[in-house]
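Have a look at my_file_39.cif; it's mmCIF, C-alpha atoms:
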```
data_structure
loop_
_atom_site.label_atom_id
_atom_site.label_comp_id
_atom_site.auth_asym_id
_atom_site.auth_seq_id
_atom_site.Cartn_x
_atom_site.Cartn_y
_atom_site.Cartn_z
CA MET A 45 49.05 -118.27 -73.96
CA LYS A 46 50.27 -115.85 -71.31
CA ASN A 47 50.44 -118.69 -68.79
CA THR A 48 52.44 -120.83 -71.18
CA ILE A 49 55.00 -118.06 -71.67
CA ASN A 50 55.27 -117.53 -67.92
CA GLU A 51 55.76 -121.24 -67.41
CA GLN A 52 58.51 -121.21 -70.01
CA ALA A 53 60.26 -118.32 -68.25
CA ILE A 54 60.14 -120.19 -64.95
CA THR A 55 61.45 -123.46 -66.36
CA GLN A 56 64.50 -121.97 -68.09
CA VAL A 57 67.63 -123.42 -66.50
CA THR A 58 69.45 -120.30 -67.61
CA THR A 59 68.80 -117.40 -69.98
CA PRO A 60 71.19 -115.87 -72.54
CA GLU A 61 71.42 -112.76 -70.34
CA GLN A 62 72.36 -114.80 -67.27
CA LEU A 63 74.99 -116.72 -69.20
CA LEU A 64 76.49 -113.46 -70.49
CA GLU A 65 76.61 -112.04 -66.96
CA HIS A 66 78.24 -115.26 -65.76
CA TYR A 67 80.86 -114.95 -68.52
CA GLN A 68 81.51 -111.27 -67.86
CA GLY A 69 81.81 -111.98 -64.13
CA HIS A 70 84.57 -114.45 -64.92
CA ARG A 71 86.17 -111.96 -67.31
CA ARG A 72 86.17 -109.31 -64.57
CA LEU A 73 88.02 -111.75 -62.31
CA THR A 74 90.54 -112.59 -65.05
CA ARG A 75 91.12 -108.86 -65.48
CA LYS A 76 92.01 -108.62 -61.77
CA VAL A 77 94.47 -111.51 -62.21
CA ILE A 78 96.16 -109.72 -65.13
CA GLU A 79 96.39 -106.59 -62.97
CA ALA A 80 97.87 -108.57 -60.06
CA PHE A 81 100.88 -109.74 -62.09
CA PRO A 82 104.12 -107.79 -61.89
CA GLU A 83 104.76 -106.28 -65.36
CA ASN A 84 107.77 -108.42 -66.30
CA GLU A 85 106.41 -111.67 -64.84
CA PHE A 86 103.14 -111.29 -66.75
CA PHE A 87 105.12 -111.76 -69.96
CA ASN A 88 107.97 -114.00 -68.81
CA TYR A 89 107.22 -116.03 -65.67
CA SER A 90 106.49 -119.71 -66.13
CA ILE A 91 106.41 -122.98 -64.17
CA GLY A 92 107.18 -126.44 -65.53
CA GLY A 93 107.70 -125.26 -69.11
CA MET A 94 104.16 -123.84 -69.33
CA ARG A 95 103.33 -120.62 -71.14
CA PRO A 96 103.63 -117.25 -69.38
CA PHE A 97 100.24 -115.83 -68.35
CA ALA A 98 100.34 -113.19 -71.13
CA ILE A 99 100.43 -115.97 -73.73
CA MET A 100 97.46 -117.68 -72.11
CA VAL A 101 95.60 -114.34 -72.19
CA LYS A 102 96.41 -114.06 -75.90
CA GLU A 103 94.64 -117.40 -76.31
CA LEU A 104 91.61 -116.11 -74.40
CA LEU A 105 91.50 -112.98 -76.57
CA ALA A 106 91.81 -115.14 -79.69
CA ILE A 107 88.77 -117.15 -78.64
CA ALA A 108 86.25 -114.66 -77.21
CA VAL A 109 85.50 -111.97 -79.80
CA PRO A 110 86.66 -113.89 -82.90
CA GLY A 111 84.63 -116.92 -81.75
CA LEU A 112 81.49 -114.94 -80.98
CA THR A 113 81.83 -112.98 -84.21
CA GLU A 114 81.89 -116.27 -86.12
CA ILE A 115 78.92 -117.66 -84.17
CA VAL A 116 76.85 -114.52 -84.82
CA SER A 117 77.85 -114.01 -88.46
CA GLY A 118 78.15 -117.62 -89.53
CA ASN A 119 81.38 -116.77 -91.34
CA THR A 120 84.16 -119.24 -90.51
CA SER A 121 87.52 -117.76 -89.62
CA GLU A 122 90.84 -119.36 -88.70
CA PHE A 123 91.86 -119.61 -85.07
CA ASP A 124 94.80 -117.27 -84.51
CA GLU A 125 96.30 -116.97 -81.04
CA ASN A 126 99.37 -115.11 -82.24
CA ARG A 127 97.79 -111.69 -82.72
CA ASP A 128 99.78 -108.72 -81.43
CA TYR A 129 98.19 -107.01 -78.42
CA GLY A 130 101.22 -104.94 -77.45
CA THR A 131 104.05 -105.39 -74.99
CA THR A 132 102.62 -103.91 -71.78
CA LYS A 133 99.99 -104.99 -69.28
CA ALA A 134 98.21 -101.68 -69.90
CA GLU A 135 97.81 -102.53 -73.59
CA PHE A 136 96.45 -105.98 -72.75
CA LEU A 137 93.99 -104.48 -70.25
CA GLU A 138 92.83 -101.93 -72.82
CA LYS A 139 92.20 -104.74 -75.32
CA TRP A 140 90.44 -106.73 -72.58
CA ASP A 141 88.06 -103.83 -71.91
CA GLN A 142 87.36 -103.32 -75.62
CA ASN A 143 86.50 -107.02 -75.77
CA THR A 144 84.08 -106.63 -72.85
CA GLU A 145 82.02 -104.16 -74.89
CA GLU A 146 82.25 -106.18 -78.09
CA ILE A 147 81.13 -109.35 -76.32
CA ASN A 148 78.08 -107.51 -74.92
CA LYS A 149 77.18 -106.28 -78.41
CA LEU A 150 77.69 -109.65 -80.10
CA TRP A 151 75.78 -111.57 -77.40
CA LYS A 152 72.71 -109.37 -77.97
CA GLN A 153 72.68 -110.54 -81.59
CA LEU A 154 72.54 -114.17 -80.50
CA ASN A 155 68.98 -115.47 -80.53
CA ALA A 156 68.09 -117.83 -77.65
CA ALA A 157 67.12 -120.51 -80.16
CA ARG A 158 70.68 -120.67 -81.47
CA PHE A 159 72.31 -122.07 -78.31
CA GLN A 160 71.30 -125.63 -79.26
CA GLU A 161 72.41 -125.24 -82.87
CA ASN A 162 75.36 -127.36 -83.97
CA ILE A 163 78.33 -125.51 -85.44
CA LYS A 164 81.99 -126.11 -86.30
CA LEU A 165 83.82 -123.21 -84.72
CA PHE A 166 87.00 -121.96 -86.38
CA GLY A 167 86.33 -124.70 -88.91
CA GLN A 168 87.34 -127.38 -86.41
CA TYR A 169 85.49 -127.39 -83.05
CA GLU A 170 82.21 -129.25 -83.50
CA GLY A 171 79.41 -128.92 -80.99
CA SER A 172 76.45 -126.80 -80.05
CA VAL A 173 76.76 -123.03 -79.75
CA LEU A 174 76.20 -123.58 -76.01
CA SER A 175 79.02 -126.12 -75.67
CA ASN A 176 81.38 -123.81 -77.53
CA LEU A 177 80.47 -120.86 -75.29
CA GLN A 178 80.88 -123.06 -72.21
CA TYR A 179 84.32 -123.96 -73.54
CA PHE A 180 85.20 -120.25 -73.77
CA MET A 181 84.41 -119.88 -70.05
CA ASP A 182 85.83 -123.20 -68.85
CA ASN A 183 89.08 -122.64 -70.72
CA GLU A 184 89.38 -119.16 -69.19
CA ILE A 185 88.76 -120.51 -65.65
CA HIS A 186 91.30 -123.31 -66.29
CA HIS A 187 94.09 -120.98 -67.39
CA ARG A 188 93.26 -118.34 -64.80
CA GLY A 189 93.59 -121.05 -62.12
CA GLN A 190 97.08 -121.65 -63.49
CA GLY A 191 97.73 -117.90 -63.24
CA TYR A 192 96.80 -118.14 -59.54
CA VAL A 193 99.64 -120.65 -59.00
CA TYR A 194 102.07 -118.35 -60.81
CA LEU A 195 101.00 -115.47 -58.56
CA ARG A 196 101.32 -117.57 -55.38
CA ALA A 197 104.75 -118.78 -56.48
CA LEU A 198 105.71 -115.13 -57.00
CA GLY A 199 104.51 -114.26 -53.50
CA VAL A 200 101.56 -112.23 -54.85
CA GLU A 201 98.13 -112.64 -53.22
CA PRO A 202 95.63 -113.43 -56.03
CA PRO A 203 92.12 -111.90 -56.08
CA LEU A 204 89.36 -113.83 -54.29
CA PHE A 205 87.95 -116.50 -56.62
CA TYR A 206 84.35 -115.65 -55.78
CA ASP A 207 84.75 -111.91 -56.30
CA ARG A 208 83.20 -111.20 -59.71
CA SER A 209 82.61 -107.47 -59.15
CA MET B 702 49.93 -127.01 -77.38
CA LYS B 703 52.35 -129.43 -79.01
CA ASN B 704 53.89 -126.59 -81.00
CA THR B 705 54.34 -124.51 -77.87
CA ILE B 706 56.19 -127.34 -76.14
CA ASN B 707 58.40 -127.83 -79.18
CA GLU B 708 59.17 -124.15 -79.28
CA GLN B 709 60.09 -124.25 -75.60
CA ALA B 710 62.43 -127.17 -76.19
CA ILE B 711 64.17 -125.31 -78.99
CA THR B 712 64.60 -122.07 -77.05
CA GLN B 713 66.16 -123.68 -73.96
CA VAL B 714 69.72 -122.38 -73.61
CA THR B 715 70.51 -125.57 -71.74
CA THR B 716 68.58 -128.40 -70.12
CA PRO B 717 69.14 -130.00 -66.69
CA GLU B 718 70.38 -133.15 -68.46
CA GLN B 719 72.91 -131.20 -70.54
CA LEU B 720 74.18 -129.36 -67.48
CA LEU B 721 74.61 -132.68 -65.63
CA GLU B 722 76.53 -134.15 -68.57
CA HIS B 723 78.70 -131.03 -68.67
CA TYR B 724 79.42 -131.42 -64.94
CA GLN B 725 80.13 -135.14 -65.19
CA GLY B 726 82.42 -134.52 -68.18
CA HIS B 727 84.45 -132.14 -66.00
CA ARG B 728 84.40 -134.66 -63.16
CA ARG B 729 85.74 -137.35 -65.51
CA LEU B 730 88.63 -135.03 -66.41
CA THR B 731 89.33 -134.26 -62.74
CA ARG B 732 89.42 -138.01 -62.10
CA LYS B 733 92.12 -138.34 -64.77
CA VAL B 734 94.11 -135.57 -63.06
CA ILE B 735 93.91 -137.40 -59.70
CA GLU B 736 95.10 -140.57 -61.47
CA ALA B 737 98.00 -138.70 -63.11
CA PHE B 738 99.51 -137.63 -59.76
CA PRO B 739 102.27 -139.76 -58.24
CA GLU B 740 100.89 -141.24 -54.98
CA ASN B 741 103.02 -139.24 -52.56
CA GLU B 742 102.80 -135.93 -54.45
CA PHE B 743 99.01 -136.14 -54.59
CA PHE B 744 99.00 -135.71 -50.81
CA ASN B 745 102.12 -133.62 -50.24
CA TYR B 746 103.25 -131.60 -53.27
CA SER B 747 102.57 -127.90 -53.23
CA ILE B 748 103.69 -124.65 -54.89
CA GLY B 749 103.77 -121.21 -53.27
CA GLY B 750 102.24 -122.38 -50.00
CA MET B 751 99.09 -123.62 -51.70
CA ARG B 752 97.25 -126.78 -50.65
CA PRO B 753 98.30 -130.17 -52.03
CA PHE B 754 95.92 -131.44 -54.72
CA ALA B 755 94.39 -134.05 -52.35
CA ILE B 756 93.21 -131.24 -50.06
CA MET B 757 91.65 -129.41 -53.01
CA VAL B 758 89.89 -132.66 -53.97
CA LYS B 759 88.57 -132.93 -50.41
CA GLU B 760 87.01 -129.50 -50.96
CA LEU B 761 85.41 -130.68 -54.22
CA LEU B 762 84.01 -133.77 -52.47
CA ALA B 763 82.71 -131.58 -49.64
CA ILE B 764 80.80 -129.45 -52.13
CA ALA B 765 79.31 -131.84 -54.70
CA VAL B 766 77.17 -134.47 -52.96
CA PRO B 767 76.58 -132.56 -49.70
CA GLY B 768 75.63 -129.45 -51.71
CA LEU B 769 73.31 -131.30 -54.08
CA THR B 770 71.76 -133.22 -51.17
CA GLU B 771 70.96 -129.92 -49.50
CA ILE B 772 69.55 -128.41 -52.71
CA VAL B 773 67.32 -131.44 -53.31
CA SER B 774 66.19 -131.96 -49.69
CA GLY B 775 66.03 -128.34 -48.58
CA ASN B 776 67.75 -129.33 -45.32
CA THR B 777 70.64 -127.00 -44.52
CA SER B 778 73.91 -128.64 -43.49
CA GLU B 779 77.27 -127.22 -42.50
CA PHE B 780 80.08 -127.05 -45.01
CA ASP B 781 82.77 -129.53 -43.94
CA GLU B 782 85.87 -129.94 -46.09
CA ASN B 783 87.74 -131.93 -43.43
CA ARG B 784 86.00 -135.27 -43.91
CA ASP B 785 88.22 -138.34 -44.00
CA TYR B 786 88.40 -140.00 -47.42
CA GLY B 787 91.37 -142.22 -46.65
CA THR B 788 95.10 -141.95 -47.22
CA THR B 789 95.53 -143.41 -50.70
CA LYS B 790 94.70 -142.24 -54.21
CA ALA B 791 92.72 -145.48 -54.67
CA GLU B 792 90.44 -144.55 -51.76
CA PHE B 793 89.90 -141.04 -53.16
CA LEU B 794 89.09 -142.46 -56.59
CA GLU B 795 86.62 -144.93 -55.07
CA LYS B 796 84.89 -142.04 -53.26
CA TRP B 797 84.96 -140.01 -56.49
CA ASP B 798 83.18 -142.82 -58.37
CA GLN B 799 80.57 -143.25 -55.61
CA ASN B 800 79.94 -139.50 -55.89
CA THR B 801 79.43 -139.82 -59.65
CA GLU B 802 76.50 -142.18 -59.07
CA GLU B 803 75.07 -140.13 -56.21
CA ILE B 804 75.22 -136.92 -58.27
CA ASN B 805 73.30 -138.64 -61.10
CA LYS B 806 70.62 -139.78 -58.66
CA LEU B 807 70.31 -136.42 -56.91
CA TRP B 808 70.22 -134.45 -60.17
CA LYS B 809 67.23 -136.49 -61.37
CA GLN B 810 65.32 -135.29 -58.31
CA LEU B 811 65.96 -131.65 -59.27
CA ASN B 812 62.98 -130.20 -61.13
CA ALA B 813 63.90 -127.84 -64.00
CA ALA B 814 61.85 -125.08 -62.37
CA ARG B 815 64.17 -125.07 -59.35
CA PHE B 816 67.30 -123.78 -61.14
CA GLN B 817 66.11 -120.18 -60.83
CA GLU B 818 65.08 -120.57 -57.17
CA ASN B 819 67.09 -118.59 -54.64
CA ILE B 820 68.74 -120.54 -51.85
CA LYS B 821 71.38 -120.07 -49.14
CA LEU B 822 73.65 -123.09 -49.54
CA PHE B 823 75.40 -124.46 -46.45
CA GLY B 824 73.61 -121.66 -44.63
CA GLN B 825 75.90 -119.06 -46.18
CA TYR B 826 76.14 -119.01 -50.01
CA GLU B 827 73.23 -117.01 -51.36
CA GLY B 828 72.20 -117.24 -54.98
CA SER B 829 70.07 -119.24 -57.38
CA VAL B 830 70.34 -123.01 -57.53
CA LEU B 831 71.88 -122.48 -60.98
CA SER B 832 74.56 -120.08 -59.73
CA ASN B 833 75.45 -122.48 -56.92
CA LEU B 834 75.75 -125.41 -59.35
CA GLN B 835 77.84 -123.27 -61.70
CA TYR B 836 80.08 -122.51 -58.74
CA PHE B 837 80.53 -126.26 -58.11
CA MET B 838 81.82 -126.63 -61.68
CA ASP B 839 83.82 -123.40 -61.90
CA ASN B 840 85.53 -124.09 -58.59
CA GLU B 841 86.45 -127.59 -59.78
CA ILE B 842 87.87 -126.27 -63.07
CA HIS B 843 89.80 -123.59 -61.15
CA HIS B 844 91.48 -126.01 -58.74
CA ARG B 845 92.03 -128.64 -61.42
CA GLY B 846 93.85 -126.00 -63.48
CA GLN B 847 96.12 -125.55 -60.45
CA GLY B 848 96.62 -129.33 -60.37
CA TYR B 849 97.81 -129.09 -63.99
CA VAL B 850 100.61 -126.73 -62.90
CA TYR B 851 101.60 -129.11 -60.10
CA LEU B 852 101.76 -131.97 -62.61
CA ARG B 853 103.82 -129.94 -65.10
CA ALA B 854 106.20 -128.86 -62.33
CA LEU B 855 106.56 -132.55 -61.41
CA GLY B 856 107.37 -133.42 -65.03
CA VAL B 857 104.07 -135.29 -65.50
CA GLU B 858 102.05 -134.73 -68.70
CA PRO B 859 98.47 -133.80 -67.64
CA PRO B 860 95.42 -135.16 -69.49
CA LEU B 861 94.13 -133.13 -72.44
CA PHE B 862 91.82 -130.35 -71.20
CA TYR B 863 89.20 -131.05 -73.85
CA ASP B 864 89.08 -134.81 -73.25
CA ARG B 865 85.92 -135.39 -71.19
CA SER B 866 85.54 -139.09 -72.02
#
```
Output the file's structure as structure tokens, nothing else.
Amino acid sequence: MKNTINEQAITQVTTPEQLLEHYQGHRRLTRKVIEAFPENEFFNYSIGGMRPFAIMVKELLAIAVPGLTEIVSGNTSEFDENRDYGTTKAEFLEKWDQNTEEINKLWKQLNAARFQENIKLFGQYEGSVLSNLQYFMDNEIHHRGQGYVYLRALGVEPPLFYDRS
Amino acid sequence: MKNTINEQAITQVTTPEQLLEHYQGHRRLTRKVIEAFPENEFFNYSIGGMRPFAIMVKELLAIAVPGLTEIVSGNTSEFDENRDYGTTKAEFLEKWDQNTEEINKLWKQLNAARFQENIKLFGQYEGSVLSNLQYFMDNEIHHRGQGYVYLRALGVEPPLFYDRS
């Protein structure tokens, strides 16, 4: 039995803990991107009619903790990306850091067996728990990449993509 | 023994096959973004001194098959993002589709137990096979997100982010 458990540990492609660390590494990088924006441009700068970066961050905040809370509790909630997080970068960063702790707590309540379970997040996004969590990360990387273009267009050097410290 | 195997299947966060499908879904979306660019702008349009999208795609092509080939074979190669893939979108798309098949073939040669193995990709990027493969995907999502801004700035509607068909 011990050998079987060891074999299972070795053949895991990834573990819940590794996936959390991967997510938090990306969230640390997104935090650096928020910090890199000039205060006014964070809320108002846009290219090609796209949303300012602050509005994209509101979307990320609307997904992460509300989504994980729903996955852990099983209680469906409505997706709401229009919550009020304040009017300054400092307020957004404070909320971001609160989320970091909440995500850690929620993730610990997620049993490994649940990642392959099918759900309908926010009452509309069907897929496995894993595919929903991957969407959280992919969507954050996607919008953060857009934030990089905003920063470059503003003449601001963005943080290194591979720096997740 | 049968029960143990079943239990292992259930408690996998993800499987190699699911991770491949996730990657190929992202690659299908990137292909749509390449297609969406006007021919000239694919090679020449840029914002804030960043690289044109064709040059970013050259980076993606330099990572995917060469990286996977190295992971599967164990033979270190040098990272080379200056390979010649032609001068037309059609040539890039043809190369992209060849890569799709090659990635499928290479992935099948990757034993599940190897994802947690530590490697030094291209002789310089240290980390597990998993973390390197995640980087392939994350880096693609990151640059594709930048391509979305280029398209919007050009007045072109980008493909839907969640459409991986």
Write down, as a VMD selection string, each residue of chain A that has any atom within 10 Å of an atom of chain B, counting all atoms listed in the file. chain A and resid 45 48 to 49 51 to 60 62 to 63 66 70 90 to 94 155 to 161 173 to 175 178 to 179 181 to 200 205 to 206
Written as a ChimeraX atom specification, what is the full residue list that the PyMOL selection byres ((chain B and resi 797-802) around 12) yields on the file shown? /B:721-722,724-733,735-736,755,758-759,761-770,786-787,790-796,803-809
Superposition output for chain B against chain A, all Cα paired in order, as a CSV table (one decimal) with C-alpha atoms, in the coordinates of the input:
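Result file superposed_31.csv:
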```
chain,number,residue,atom,x,y,z
B,702,MET,CA,49.1,-117.9,-73.8
B,703,LYS,CA,50.4,-115.6,-71.1
B,704,ASN,CA,50.5,-118.5,-68.7
B,705,THR,CA,52.5,-120.6,-71.1
B,706,ILE,CA,55.1,-117.9,-71.5
B,707,ASN,CA,55.3,-117.5,-67.8
B,708,GLU,CA,55.8,-121.2,-67.3
B,709,GLN,CA,58.5,-121.2,-70.0
B,710,ALA,CA,60.3,-118.3,-68.2
B,711,ILE,CA,60.2,-120.2,-64.9
B,712,THR,CA,61.5,-123.5,-66.4
B,713,GLN,CA,64.5,-122.0,-68.1
B,714,VAL,CA,67.6,-123.5,-66.5
B,715,THR,CA,69.4,-120.3,-67.6
B,716,THR,CA,68.8,-117.5,-70.0
B,717,PRO,CA,71.2,-115.9,-72.6
B,718,GLU,CA,71.4,-112.8,-70.4
B,719,GLN,CA,72.4,-114.8,-67.3
B,720,LEU,CA,75.0,-116.8,-69.2
B,721,LEU,CA,76.5,-113.5,-70.5
B,722,GLU,CA,76.6,-112.1,-67.0
B,723,HIS,CA,78.2,-115.3,-65.8
B,724,TYR,CA,80.9,-115.0,-68.5
B,725,GLN,CA,81.5,-111.3,-67.9
B,726,GLY,CA,81.8,-112.0,-64.1
B,727,HIS,CA,84.6,-114.5,-64.9
B,728,ARG,CA,86.2,-112.0,-67.3
B,729,ARG,CA,86.1,-109.3,-64.6
B,730,LEU,CA,88.0,-111.8,-62.3
B,731,THR,CA,90.5,-112.6,-65.1
B,732,ARG,CA,91.1,-108.9,-65.5
B,733,LYS,CA,92.0,-108.6,-61.8
B,734,VAL,CA,94.4,-111.5,-62.2
B,735,ILE,CA,96.1,-109.7,-65.1
B,736,GLU,CA,96.3,-106.6,-62.9
B,737,ALA,CA,97.8,-108.6,-60.0
B,738,PHE,CA,100.9,-109.7,-62.1
B,739,PRO,CA,104.1,-107.8,-61.9
B,740,GLU,CA,104.7,-106.3,-65.3
B,741,ASN,CA,107.7,-108.4,-66.3
B,742,GLU,CA,106.4,-111.6,-64.8
B,743,PHE,CA,103.1,-111.3,-66.7
B,744,PHE,CA,105.1,-111.7,-69.9
B,745,ASN,CA,108.0,-114.0,-68.8
B,746,TYR,CA,107.2,-116.0,-65.7
B,747,SER,CA,106.5,-119.7,-66.1
B,748,ILE,CA,106.4,-123.0,-64.1
B,749,GLY,CA,107.2,-126.4,-65.5
B,750,GLY,CA,107.7,-125.2,-69.1
B,751,MET,CA,104.2,-123.8,-69.3
B,752,ARG,CA,103.3,-120.6,-71.1
B,753,PRO,CA,103.6,-117.2,-69.4
B,754,PHE,CA,100.2,-115.8,-68.3
B,755,ALA,CA,100.3,-113.2,-71.1
B,756,ILE,CA,100.4,-116.0,-73.7
B,757,MET,CA,97.5,-117.7,-72.1
B,758,VAL,CA,95.6,-114.3,-72.2
B,759,LYS,CA,96.4,-114.1,-75.9
B,760,GLU,CA,94.6,-117.4,-76.3
B,761,LEU,CA,91.6,-116.1,-74.4
B,762,LEU,CA,91.5,-113.0,-76.6
B,763,ALA,CA,91.8,-115.1,-79.7
B,764,ILE,CA,88.8,-117.2,-78.6
B,765,ALA,CA,86.3,-114.7,-77.2
B,766,VAL,CA,85.5,-112.0,-79.8
B,767,PRO,CA,86.7,-113.9,-82.9
B,768,GLY,CA,84.6,-116.9,-81.8
B,769,LEU,CA,81.5,-115.0,-81.0
B,770,THR,CA,81.8,-113.0,-84.2
B,771,GLU,CA,81.9,-116.3,-86.1
B,772,ILE,CA,78.9,-117.7,-84.2
B,773,VAL,CA,76.9,-114.5,-84.8
B,774,SER,CA,77.9,-114.0,-88.5
B,775,GLY,CA,78.2,-117.6,-89.6
B,776,ASN,CA,81.4,-116.8,-91.4
B,777,THR,CA,84.2,-119.2,-90.5
B,778,SER,CA,87.5,-117.8,-89.6
B,779,GLU,CA,90.8,-119.3,-88.7
B,780,PHE,CA,91.9,-119.6,-85.1
B,781,ASP,CA,94.8,-117.3,-84.5
B,782,GLU,CA,96.3,-117.0,-81.0
B,783,ASN,CA,99.4,-115.1,-82.3
B,784,ARG,CA,97.8,-111.7,-82.7
B,785,ASP,CA,99.8,-108.7,-81.4
B,786,TYR,CA,98.2,-107.0,-78.4
B,787,GLY,CA,101.2,-104.9,-77.4
B,788,THR,CA,104.0,-105.4,-75.0
B,789,THR,CA,102.6,-103.9,-71.8
B,790,LYS,CA,100.0,-105.0,-69.3
B,791,ALA,CA,98.2,-101.7,-69.9
B,792,GLU,CA,97.8,-102.5,-73.6
B,793,PHE,CA,96.4,-106.0,-72.7
B,794,LEU,CA,94.0,-104.5,-70.3
B,795,GLU,CA,92.8,-101.9,-72.8
B,796,LYS,CA,92.2,-104.8,-75.3
B,797,TRP,CA,90.4,-106.7,-72.6
B,798,ASP,CA,88.0,-103.8,-71.9
B,799,GLN,CA,87.3,-103.3,-75.6
B,800,ASN,CA,86.5,-107.0,-75.8
B,801,THR,CA,84.1,-106.7,-72.9
B,802,GLU,CA,82.0,-104.2,-74.9
B,803,GLU,CA,82.2,-106.2,-78.1
B,804,ILE,CA,81.1,-109.4,-76.3
B,805,ASN,CA,78.1,-107.5,-74.9
B,806,LYS,CA,77.2,-106.3,-78.4
B,807,LEU,CA,77.7,-109.7,-80.1
B,808,TRP,CA,75.8,-111.6,-77.4
B,809,LYS,CA,72.7,-109.4,-78.0
B,810,GLN,CA,72.7,-110.6,-81.6
B,811,LEU,CA,72.5,-114.2,-80.5
B,812,ASN,CA,69.0,-115.5,-80.6
B,813,ALA,CA,68.1,-117.9,-77.7
B,814,ALA,CA,67.1,-120.6,-80.2
B,815,ARG,CA,70.7,-120.7,-81.5
B,816,PHE,CA,72.3,-122.1,-78.3
B,817,GLN,CA,71.3,-125.7,-79.3
B,818,GLU,CA,72.4,-125.3,-82.9
B,819,ASN,CA,75.4,-127.4,-84.0
B,820,ILE,CA,78.4,-125.5,-85.5
B,821,LYS,CA,82.0,-126.1,-86.3
B,822,LEU,CA,83.8,-123.2,-84.7
B,823,PHE,CA,87.0,-122.0,-86.4
B,824,GLY,CA,86.4,-124.7,-88.9
B,825,GLN,CA,87.4,-127.4,-86.4
B,826,TYR,CA,85.5,-127.4,-83.1
B,827,GLU,CA,82.3,-129.3,-83.5
B,828,GLY,CA,79.5,-128.9,-81.0
B,829,SER,CA,76.5,-126.8,-80.1
B,830,VAL,CA,76.8,-123.1,-79.8
B,831,LEU,CA,76.2,-123.6,-76.0
B,832,SER,CA,79.0,-126.1,-75.7
B,833,ASN,CA,81.4,-123.8,-77.6
B,834,LEU,CA,80.5,-120.9,-75.3
B,835,GLN,CA,80.9,-123.1,-72.2
B,836,TYR,CA,84.3,-124.0,-73.5
B,837,PHE,CA,85.2,-120.3,-73.8
B,838,MET,CA,84.4,-119.9,-70.1
B,839,ASP,CA,85.8,-123.2,-68.9
B,840,ASN,CA,89.1,-122.7,-70.7
B,841,GLU,CA,89.4,-119.2,-69.2
B,842,ILE,CA,88.8,-120.5,-65.7
B,843,HIS,CA,91.3,-123.3,-66.3
B,844,HIS,CA,94.1,-121.0,-67.4
B,845,ARG,CA,93.3,-118.4,-64.8
B,846,GLY,CA,93.6,-121.1,-62.1
B,847,GLN,CA,97.1,-121.6,-63.5
B,848,GLY,CA,97.7,-117.9,-63.2
B,849,TYR,CA,96.8,-118.1,-59.5
B,850,VAL,CA,99.6,-120.6,-59.0
B,851,TYR,CA,102.1,-118.3,-60.8
B,852,LEU,CA,101.0,-115.5,-58.6
B,853,ARG,CA,101.3,-117.6,-55.4
B,854,ALA,CA,104.7,-118.8,-56.5
B,855,LEU,CA,105.7,-115.1,-57.0
B,856,GLY,CA,104.5,-114.2,-53.5
B,857,VAL,CA,101.5,-112.2,-54.8
B,858,GLU,CA,98.1,-112.7,-53.2
B,859,PRO,CA,95.6,-113.4,-56.0
B,860,PRO,CA,92.1,-111.9,-56.1
B,861,LEU,CA,89.3,-113.8,-54.3
B,862,PHE,CA,87.9,-116.5,-56.6
B,863,TYR,CA,84.3,-115.7,-55.8
B,864,ASP,CA,84.7,-111.9,-56.3
B,865,ARG,CA,83.2,-111.2,-59.7
B,866,SER,CA,82.6,-107.5,-59.2
```
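The gap separating atom CA of B:Leu834 from atom CA of B:Asn776 is 16.6 Å, in Å to one decimal.
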Show me, as a list in words, the residues that have an atom within 10 Å of B:Phe744 when counting only C-alpha atoms, minus same-chain residues fewer than 5 positions from it. Phe738, Pro739, Arg752, Pro753, Phe754, Ala755, Ile756, Met757, Thr788, Thr789 and Lys790 of chain B
Dump C-alpha atoms for the selected residues as an mmCIF file, keeping the file's coordinate frame?
```
data_model
loop_
_atom_site.group_PDB
_atom_site.id
_atom_site.type_symbol
_atom_site.label_atom_id
_atom_site.label_comp_id
_atom_site.auth_asym_id
_atom_site.auth_seq_id
_atom_site.Cartn_x
_atom_site.Cartn_y
_atom_site.Cartn_z
ATOM 1 C CA PHE B 738 99.510 -137.630 -59.760
ATOM 2 C CA PRO B 739 102.270 -139.760 -58.240
ATOM 3 C CA ARG B 752 97.250 -126.780 -50.650
ATOM 4 C CA PRO B 753 98.300 -130.170 -52.030
ATOM 5 C CA PHE B 754 95.920 -131.440 -54.720
ATOM 6 C CA ALA B 755 94.390 -134.050 -52.350
ATOM 7 C CA ILE B 756 93.210 -131.240 -50.060
ATOM 8 C CA MET B 757 91.650 -129.410 -53.010
ATOM 9 C CA THR B 788 95.100 -141.950 -47.220
ATOM 10 C CA THR B 789 95.530 -143.410 -50.700
ATOM 11 C CA LYS B 790 94.700 -142.240 -54.210
#
```
For atom CA of B:Glu782 and atom CA of A:Ser209, quote the distance in Å rounded to one decimal.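 We find that atom CA of B:Glu782 and atom CA of A:Ser209 lie 26.2 Å from each other.
Reported to one decimal place, the separation of atom CA of A:Pro202 from atom CA of A:Val77 is 6.6 Å.
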